[in-house]
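Chemist: Next comes the structure file run.csv, holding CSV, C-alpha atoms.
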```
chain,number,residue,atom,x,y,z
X,1,MET,CA,80.1,-118.2,140.6
X,2,ALA,CA,77.3,-117.5,138.0
X,3,ARG,CA,74.3,-119.8,138.3
X,4,ASP,CA,73.9,-122.2,135.3
X,5,LEU,CA,70.2,-122.0,134.4
X,6,LYS,CA,70.5,-124.8,131.8
X,7,ASN,CA,72.1,-127.6,133.9
X,8,ILE,CA,71.2,-129.0,137.2
X,9,PHE,CA,73.5,-131.5,139.0
X,10,ILE,CA,71.5,-134.1,140.9
X,11,TYR,CA,72.9,-136.6,143.2
X,12,GLY,CA,72.1,-139.7,145.2
X,13,LYS,CA,71.1,-143.2,144.0
X,14,HIS,CA,67.3,-142.6,144.2
X,15,ALA,CA,67.4,-139.2,142.4
X,16,VAL,CA,69.7,-140.4,139.6
X,17,SER,CA,67.8,-143.7,139.2
X,18,GLU,CA,64.4,-142.0,139.0
X,19,ALA,CA,65.8,-139.6,136.4
X,20,LEU,CA,67.1,-142.4,134.3
X,21,ILE,CA,63.9,-144.5,134.6
X,22,HIS,CA,61.3,-141.7,134.2
X,23,ARG,CA,63.0,-139.0,132.2
X,24,PRO,CA,66.0,-140.4,130.5
X,25,LYS,CA,66.0,-137.6,127.9
X,26,SER,CA,66.7,-135.1,130.6
X,27,VAL,CA,69.9,-136.8,131.6
X,28,LYS,CA,73.0,-135.6,129.7
X,29,GLU,CA,75.6,-137.5,131.6
X,30,ILE,CA,76.0,-139.5,134.8
X,31,PHE,CA,78.9,-139.6,137.1
X,32,LEU,CA,79.7,-142.9,138.9
X,33,ILE,CA,82.1,-144.0,141.5
X,34,GLU,CA,82.2,-147.5,140.2
X,35,ASN,CA,83.9,-149.0,143.2
X,36,ASP,CA,81.3,-147.8,145.7
X,37,VAL,CA,80.2,-151.1,147.2
X,38,GLU,CA,77.1,-149.7,149.0
X,39,ALA,CA,75.6,-148.6,145.6
X,40,LYS,CA,76.9,-151.5,143.5
X,41,GLU,CA,73.4,-152.7,142.3
X,42,GLU,CA,72.2,-149.2,141.6
X,43,ILE,CA,75.4,-148.4,139.7
X,44,ILE,CA,75.0,-151.5,137.5
X,45,ARG,CA,71.3,-150.6,136.8
X,46,ALA,CA,72.3,-147.0,136.1
X,47,LYS,CA,75.0,-148.0,133.6
X,48,LYS,CA,72.5,-150.4,131.8
X,49,ILE,CA,69.9,-147.7,131.4
X,50,ALA,CA,72.5,-145.1,130.4
X,51,HIS,CA,73.8,-147.4,127.7
X,52,GLU,CA,70.2,-148.1,126.4
X,53,HIS,CA,69.6,-144.3,126.1
X,54,LYS,CA,73.1,-143.4,124.9
X,55,ILE,CA,73.8,-141.3,128.0
X,56,LYS,CA,77.4,-140.4,128.6
X,57,ILE,CA,78.9,-142.2,131.6
X,58,VAL,CA,81.8,-140.6,133.4
X,59,SER,CA,83.8,-142.7,135.9
X,60,VAL,CA,85.0,-140.5,138.8
X,61,ASP,CA,86.5,-140.7,142.2
X,62,THR,CA,85.1,-139.3,145.4
X,63,LYS,CA,87.0,-136.0,145.1
X,64,THR,CA,86.0,-135.4,141.5
X,65,ILE,CA,82.3,-136.1,142.0
X,66,PHE,CA,82.1,-133.1,144.4
X,67,ASN,CA,83.2,-130.6,141.8
X,68,ASN,CA,79.7,-129.8,140.7
X,69,LEU,CA,77.8,-130.7,143.9
X,70,PRO,CA,77.1,-128.6,147.1
X,71,ALA,CA,79.5,-129.1,150.0
X,72,GLY,CA,78.6,-132.1,152.0
X,73,ALA,CA,76.2,-133.5,149.4
X,74,THR,CA,75.3,-137.2,150.1
X,75,HIS,CA,75.9,-138.5,146.6
X,76,GLN,CA,76.0,-142.3,147.4
X,77,GLY,CA,78.4,-142.8,144.5
X,78,MET,CA,76.1,-141.3,141.8
X,79,ALA,CA,75.4,-137.9,140.3
X,80,ALA,CA,74.0,-136.7,137.0
X,81,ARG,CA,73.8,-133.5,134.9
X,82,ILE,CA,70.3,-132.9,133.6
X,83,LEU,CA,68.8,-130.1,131.6
X,84,ALA,CA,66.6,-127.8,133.7
X,85,SER,CA,64.2,-127.4,130.7
X,86,GLU,CA,63.4,-131.1,130.9
X,87,LEU,CA,62.6,-131.0,134.6
X,88,VAL,CA,60.5,-127.8,134.9
X,89,VAL,CA,57.9,-127.1,132.2
X,90,PRO,CA,56.2,-123.8,131.4
X,91,TYR,CA,52.6,-123.4,132.7
X,92,ASP,CA,51.1,-122.7,129.3
X,93,SER,CA,52.3,-125.9,127.7
X,94,PHE,CA,51.4,-127.9,130.9
X,95,ILE,CA,47.9,-126.6,131.3
X,96,GLU,CA,47.0,-127.4,127.7
X,97,THR,CA,47.7,-131.1,128.3
X,98,LEU,CA,46.0,-131.3,131.7
X,99,ALA,CA,42.6,-133.1,131.7
X,100,VAL,CA,40.6,-131.6,134.6
X,101,THR,CA,38.3,-134.0,136.4
X,102,ALA,CA,36.8,-134.1,139.9
X,103,ASP,CA,39.9,-135.9,141.1
X,104,THR,CA,42.5,-133.5,139.5
X,105,SER,CA,44.5,-131.5,142.0
X,106,VAL,CA,47.5,-129.2,141.7
X,107,LEU,CA,49.7,-127.8,144.4
X,108,ILE,CA,50.9,-124.2,144.2
X,109,LEU,CA,54.0,-123.3,146.2
X,110,GLY,CA,54.2,-119.7,147.5
X,111,GLU,CA,57.5,-118.3,148.6
X,112,VAL,CA,59.0,-121.6,149.9
X,113,GLU,CA,62.6,-120.5,150.2
X,114,ASP,CA,64.2,-123.6,151.7
X,115,PRO,CA,65.1,-126.2,149.0
X,116,HIS,CA,64.7,-129.0,151.6
X,117,ASN,CA,61.0,-128.0,152.1
X,118,VAL,CA,60.4,-127.8,148.4
X,119,GLY,CA,61.8,-131.3,148.0
X,120,ALA,CA,59.7,-132.6,150.8
X,121,VAL,CA,56.5,-131.0,149.4
X,122,ILE,CA,57.2,-132.6,145.9
X,123,ARG,CA,57.7,-136.0,147.6
X,124,SER,CA,54.5,-135.6,149.5
X,125,ALA,CA,52.6,-134.3,146.4
X,126,ALA,CA,53.7,-137.4,144.5
X,127,ALA,CA,52.6,-139.7,147.3
X,128,PHE,CA,49.1,-138.1,147.4
X,129,GLY,CA,48.6,-138.3,143.6
X,130,VAL,CA,48.7,-134.5,142.9
X,131,SER,CA,48.8,-133.8,139.2
X,132,ALA,CA,51.5,-131.2,139.4
X,133,VAL,CA,53.5,-128.8,141.6
X,134,LEU,CA,53.3,-125.3,140.4
X,135,ILE,CA,56.4,-123.2,141.3
X,136,PRO,CA,56.5,-119.4,141.0
X,137,GLU,CA,59.5,-117.6,139.7
X,138,HIS,CA,59.9,-115.0,142.6
X,139,ASN,CA,60.8,-115.5,146.2
X,140,GLN,CA,61.0,-119.2,145.7
X,141,ALA,CA,63.8,-121.7,146.1
X,142,PRO,CA,64.8,-122.8,142.6
X,143,VAL,CA,64.6,-126.5,141.6
X,144,ASN,CA,68.2,-127.7,142.1
X,145,GLY,CA,70.0,-130.9,143.2
X,146,THR,CA,69.0,-130.5,146.8
X,147,VAL,CA,65.3,-130.2,145.9
X,148,VAL,CA,65.6,-133.4,143.7
X,149,LYS,CA,67.6,-135.3,146.4
X,150,VAL,CA,65.1,-134.5,149.2
X,151,SER,CA,62.2,-135.4,146.8
X,152,VAL,CA,63.9,-138.8,146.6
X,153,GLY,CA,63.6,-138.4,142.8
X,154,MET,CA,59.9,-137.9,142.8
X,155,ALA,CA,60.6,-134.6,140.9
X,156,PHE,CA,60.8,-136.9,137.9
X,157,ARG,CA,57.5,-138.6,138.5
X,158,ILE,CA,55.3,-135.5,139.0
X,159,PRO,CA,55.3,-132.5,136.7
X,160,LEU,CA,57.0,-129.4,138.1
X,161,VAL,CA,55.5,-126.3,136.4
X,162,ALA,CA,57.0,-122.8,136.3
X,163,ILE,CA,54.4,-120.1,136.8
X,164,GLY,CA,54.7,-116.3,136.9
X,165,ASN,CA,52.1,-114.6,139.1
X,166,VAL,CA,50.4,-116.9,141.6
X,167,ASN,CA,47.2,-114.9,141.7
X,168,ASN,CA,46.9,-114.9,137.8
X,169,THR,CA,47.5,-118.7,137.9
X,170,ILE,CA,44.8,-119.3,140.5
X,171,GLU,CA,42.4,-117.2,138.4
X,172,ASP,CA,43.2,-119.2,135.3
X,173,LEU,CA,42.8,-122.5,137.2
X,174,LYS,CA,39.4,-121.4,138.4
X,175,LYS,CA,38.3,-120.7,134.8
X,176,ARG,CA,39.4,-124.2,133.9
X,177,GLY,CA,37.2,-125.8,136.5
X,178,PHE,CA,39.4,-125.9,139.7
```
Write out the structure in this file as structure tokens.
Modeler:
Amino acid sequence: MARDLKNIFIYGKHAVSEALIHRPKSVKEIFLIENDVEAKEEIIRAKKIAHEHKIKIVSVDTKTIFNNLPAGATHQGMAARILASELVVPYDSFIETLAVTADTSVLILGEVEDPHNVGAVIRSAAAFGVSAVLIPEHNQAPVNGTVVKVSVGMAFRIPLVAIGNVNNTIEDLKKRGF
């Protein structure tokens, strides 16, 4: 199966809720198991936000929701299709908007291949007030549904920035005052 570089399927009530609240423009459609009693409040809130932002809502059953999710994904009755381009931004456009102060910090990943570890790092970076997580293109787990799920949706609260060469990025950051 070819990898779709434009769409990412995220899942879980926290990941979908964070996407809807913090980056609704990135969400193209949400998939809900409307009779999921454990996520009833989150489903009601998700539907309300989706209606406000004119996001397509697709009512599905348990079997159908798994069609675009990894085997064994804990979806909690909710999933969404988002645009990758709305989640990961290019370095050049990010760095031009970053105001560097004594408190500004960024985190650069380097060959972290396990998506669970990438998600945990993003979650921790958000908790510590890091300004962005810089993610290299090579030898790195891509940002996908697992990363977003493990980040508990924090991937929508902290900028995720695509970088090319780590050493070149570090040199550029040094020139900018890091």
Chemist: Taking the point (61.4, -121.0, 150.5) as given in the file, collect each protein or nucleic acid residue that comes within 12 Å of it, counting all atoms listed in the file, and present the set as a ChimeraX atom specification.
Modeler: /X:109-121,135-143,147
Chemist: For Thr169 (chain X), which residue among X:Phe31, X:Ala15, X:Ser26, X:Val106 is the nearest when counting all atoms listed in the file?
Modeler: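 Closest candidate: X:Val106.
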Chemist: From the options X:Gln76, X:Asn68, X:Asn165, X:Thr101, which residue's atoms come nearest to Ile8 (chain X), counting only C-alpha atoms?
Modeler: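 For Ile8 (chain X), the nearest of the given residues is X:Asn68.
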Chemist: So, counting all atoms listed in the file, which residue among X:Ile65, X:Ser93, X:Ala155, X:Ile21 is closest to Ala125 (chain X)?
Modeler: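 The answer is X:Ala155, which sits nearest to Ala125 (chain X).
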Chemist: Could you pull the residues within 8 Å of Ala46 (chain X), counting all atoms listed in the file, minus those fewer than 6 positions along the same chain, as a PDB file with C-alpha atoms, in the coordinates of the input?
Modeler:
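Below is the file that was written, out.pdb:
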```pdb
ATOM      1  CA  VAL X  16      69.700-140.400 139.600  1.00  0.00           C
ATOM      2  CA  SER X  17      67.800-143.700 139.200  1.00  0.00           C
ATOM      3  CA  LEU X  20      67.100-142.400 134.300  1.00  0.00           C
TER       4      LEU X  20
END
```
Chemist: Excluding same-chain residues fewer than 5 positions from Phe128 (chain X), what lies within 12 Å of it counting all atoms listed in the file, as a count of residues only?
Modeler: 11
Chemist: Of the candidates X:Leu83, X:Ile108, X:Val58, X:Val150, which one gets nearest to Val166 (chain X) if we count only C-alpha atoms?
Modeler: X:Ile108
Chemist: To one decimal in Å, tell me the separation between CA of Val60 (chain X) and CA of Ala80 (chain X).
Modeler: 11.8 Å
Chemist: May I have the residues within 9 Å of Lys6 (chain X) as a count of residues only, using only C-alpha atoms and disregarding those fewer than 4 positions away in the same chain?
Modeler: 4
Chemist: Could you check the closest approach to Ile49 (chain X) for each of X:Asp61, X:Glu171, X:Asp92, X:Glu18 and tell me which residue wins, using all atoms listed in the file?
Modeler: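 With all atoms listed in the file as the atom set, the closest residue is X:Glu18.
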Chemist: With all atoms listed in the file as the counted atoms, please give the residues lying no more than 6 Å from Glu29 (chain X), apart from itself and same-chain residues fewer than 2 positions off, as number ranges by chain.
Modeler: X: 27, 55-57, 80-81
Chemist: Please, what distance in Å, to one decimal, runs between CA of Val148 (chain X) and CA of Ser59 (chain X)?
Modeler: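 According to the coordinates, CA of Val148 (chain X) and CA of Ser59 (chain X) are separated by 21.9 Å.
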Chemist: Can you work out the spacing between CA of Ala132 (chain X) and CA of Arg157 (chain X) in Å, to one decimal?
Modeler: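 About the pair CA of Ala132 (chain X) and CA of Arg157 (chain X): they are 9.6 Å apart.
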Chemist: Nearest residue to Val161 (chain X) out of X:Met78, X:Ala39, X:Val88, X:Val130, using all atoms listed in the file?
Modeler: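 Nearest candidate to Val161 (chain X) out of X:Met78, X:Ala39, X:Val88, X:Val130: X:Val88.
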Chemist: Please determine an axis-aligned box that encloses all atoms of region 25-34 of chain X listed in the file, with 8 Å added on each side, and express its centre and edge lengths in Å to one decimal as lines of an AutoDock Vina configuration file.
Modeler:
```
center_x = 74.1
center_y = -141.3
center_z = 134.7
size_x = 32.2
size_y = 28.4
size_z = 29.6
```
Chemist: Please provide the set of residues having any atom within 8 Å of His14 (chain X), restricted to only C-alpha atoms, with same-chain residues fewer than 6 positions apart removed, written as an NGL selection string.
Modeler: :X and (149 or 152-153)
